[in-house]
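To start, the structure itself, in structure tokens.
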Amino acid sequence: MPERRLALIHRVIVPNKEYPKEYAILVTDRRSVFIRQKKTRSSFVLRGEMRYGTALVTDVMPKTLEDYEQTSLESLTADSANFTVPHEALVSLVMRKEEPKFRVRDFFVWLTMRRQGEIFQVYDFEMNYRQSPDGETGIRFYMVPLGAYFKPRRQTKSRETILREYAMDALEIFQMVFPGRIASR
């Protein structure tokens, strides 16, 4: 049977010492392909987006599942900027929710949160999988929606609701392909 493309998670951010990396995740019935996105922001901006769970720059339009229909899965997995997690190699997937820990330079963000009466909840996933029979590895990624996703919803929903829905949509996608190996805290 041919591999079926099930869903696309528009944007996650993977922390890195030098520069956080943005990925889209193409989920098929056999694997999850992390597709590296073009660098559109500075390291400072991406780190802020990971801390506060929301896009600080709103000019990037998310790609859709249809945008990747013409691209073969083999070419996506062959690209060294991308990486793949086969579903049978998955050991665990944990979703967590964190409140940011504020520093002095975050004063204006804290002030905005107080004025809006909201807490900026950051959702992240930790995915552990076997790369080889005797070696396990993990990846942590933050669920940070693009501004094009966030901004229209902000008119009718709270920031917390939008971020929770974005993370829960991803969790539901993963639950379809990883039944029984997912936990959330």
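We label chains A, B, ... in the order they appear in the structure tokens, count residues from 1 in each chain, and number ligands from 1 in the order shown.
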- Would you list the contacts of Ala89 in chain A as a count of residues only, taking every protein, DNA or RNA residue within 9 Å and counting only C-alpha atoms, but skipping same-chain residues closer than 2 positions in sequence? 9
- Task: Excluding Arg5 in chain A and any residue of its chain fewer than 6 positions from it, enumerate the residues within 7 Å of it, using only C-alpha atoms, and give them as JSON, numbers by chain.
- Result: {"A": [27, 28, 29]}
Export C-alpha atoms of the chosen residues as a PDB file, in the first residue's frame?
```pdb
ATOM      1  CA  VAL A  27       2.615  13.232   9.305  1.00  0.00           C
ATOM      2  CA  THR A  28       1.998  10.130   7.216  1.00  0.00           C
ATOM      3  CA  ASP A  29       0.654   6.747   8.227  1.00  0.00           C
TER       4      ASP A  29
END
```
- Item | Minimum-distance residue to Asn82 in chain A, chosen among A:Ile162, A:Leu46, A:Ala24, A:Ile35 (using only C-alpha atoms) |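 Using only C-alpha atoms, the shortest distance to Asn82 in chain A belongs to A:Ile35.
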- Excluding same-chain residues fewer than 2 positions from Arg11 in chain A, what lies within 8 Å of it counting only C-alpha atoms, as a ChimeraX atom specification? /A:9,13,22-25,62,143-146
- For CA of Glu172 in chain A and CA of Arg47 in chain A, the interatomic separation in Å (one decimal): 26.0 Å
- Shell around Glu66 in chain A at 12 Å using only C-alpha atoms, local window under 5 positions removed, as a VMD selection string: chain A and resid 5 to 8 26 71
Can you write just those residues out, N, CA and C atoms, as an mmCIF file, in the first residue's frame?
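Output below, filename part.cif:
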```
data_model
loop_
_atom_site.group_PDB
_atom_site.id
_atom_site.type_symbol
_atom_site.label_atom_id
_atom_site.label_comp_id
_atom_site.auth_asym_id
_atom_site.auth_seq_id
_atom_site.Cartn_x
_atom_site.Cartn_y
_atom_site.Cartn_z
ATOM 1 N N ARG A 5 -0.406 10.572 3.238
ATOM 2 C CA ARG A 5 -0.133 11.810 3.964
ATOM 3 C C ARG A 5 -1.394 12.157 4.748
ATOM 4 N N LEU A 6 -1.270 12.238 6.066
ATOM 5 C CA LEU A 6 -2.443 12.438 6.912
ATOM 6 C C LEU A 6 -2.667 13.885 7.330
ATOM 7 N N ALA A 7 -1.589 14.568 7.701
ATOM 8 C CA ALA A 7 -1.753 15.921 8.240
ATOM 9 C C ALA A 7 -0.442 16.685 8.171
ATOM 10 N N LEU A 8 -0.566 17.994 8.318
ATOM 11 C CA LEU A 8 0.599 18.864 8.370
ATOM 12 C C LEU A 8 0.470 19.765 9.588
ATOM 13 N N LEU A 26 5.214 16.923 8.505
ATOM 14 C CA LEU A 26 4.320 16.194 7.621
ATOM 15 C C LEU A 26 4.130 14.804 8.228
ATOM 16 N N THR A 71 5.552 17.226 -3.954
ATOM 17 C CA THR A 71 6.903 16.856 -3.517
ATOM 18 C C THR A 71 6.895 15.419 -3.027
#
```
- Got a sec: who's within 9 Å of Thr77 in chain A, counting only C-alpha atoms, leaving out chain neighbours fewer than 5 positions off, as a ChimeraX atom specification? /A:33-35,72,82-84
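Ranking A:Lys21, A:Arg115, A:Arg36, A:Arg31 by their shortest atom-to-atom distance to Leu73 in chain A, with only C-alpha atoms included, puts A:Arg31 first.
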- Based on DSSP run over this structure's backbone, return all residues of range 1-178 of chain A in strand (DSSP E), as a PyMOL selection string. chain A and resi 5-14+21-28+31-36+83-86+90-98+122-132+135-143
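Closest approach to His10 in chain A among A:Asp124, A:Asp67, A:Glu98, A:Glu160 is made by A:Asp67 (distances from only C-alpha atoms).
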- Note on the structure: From CA of Asp169 in chain A to CA of Ala78 in chain A the spacing works out at 27.6 Å
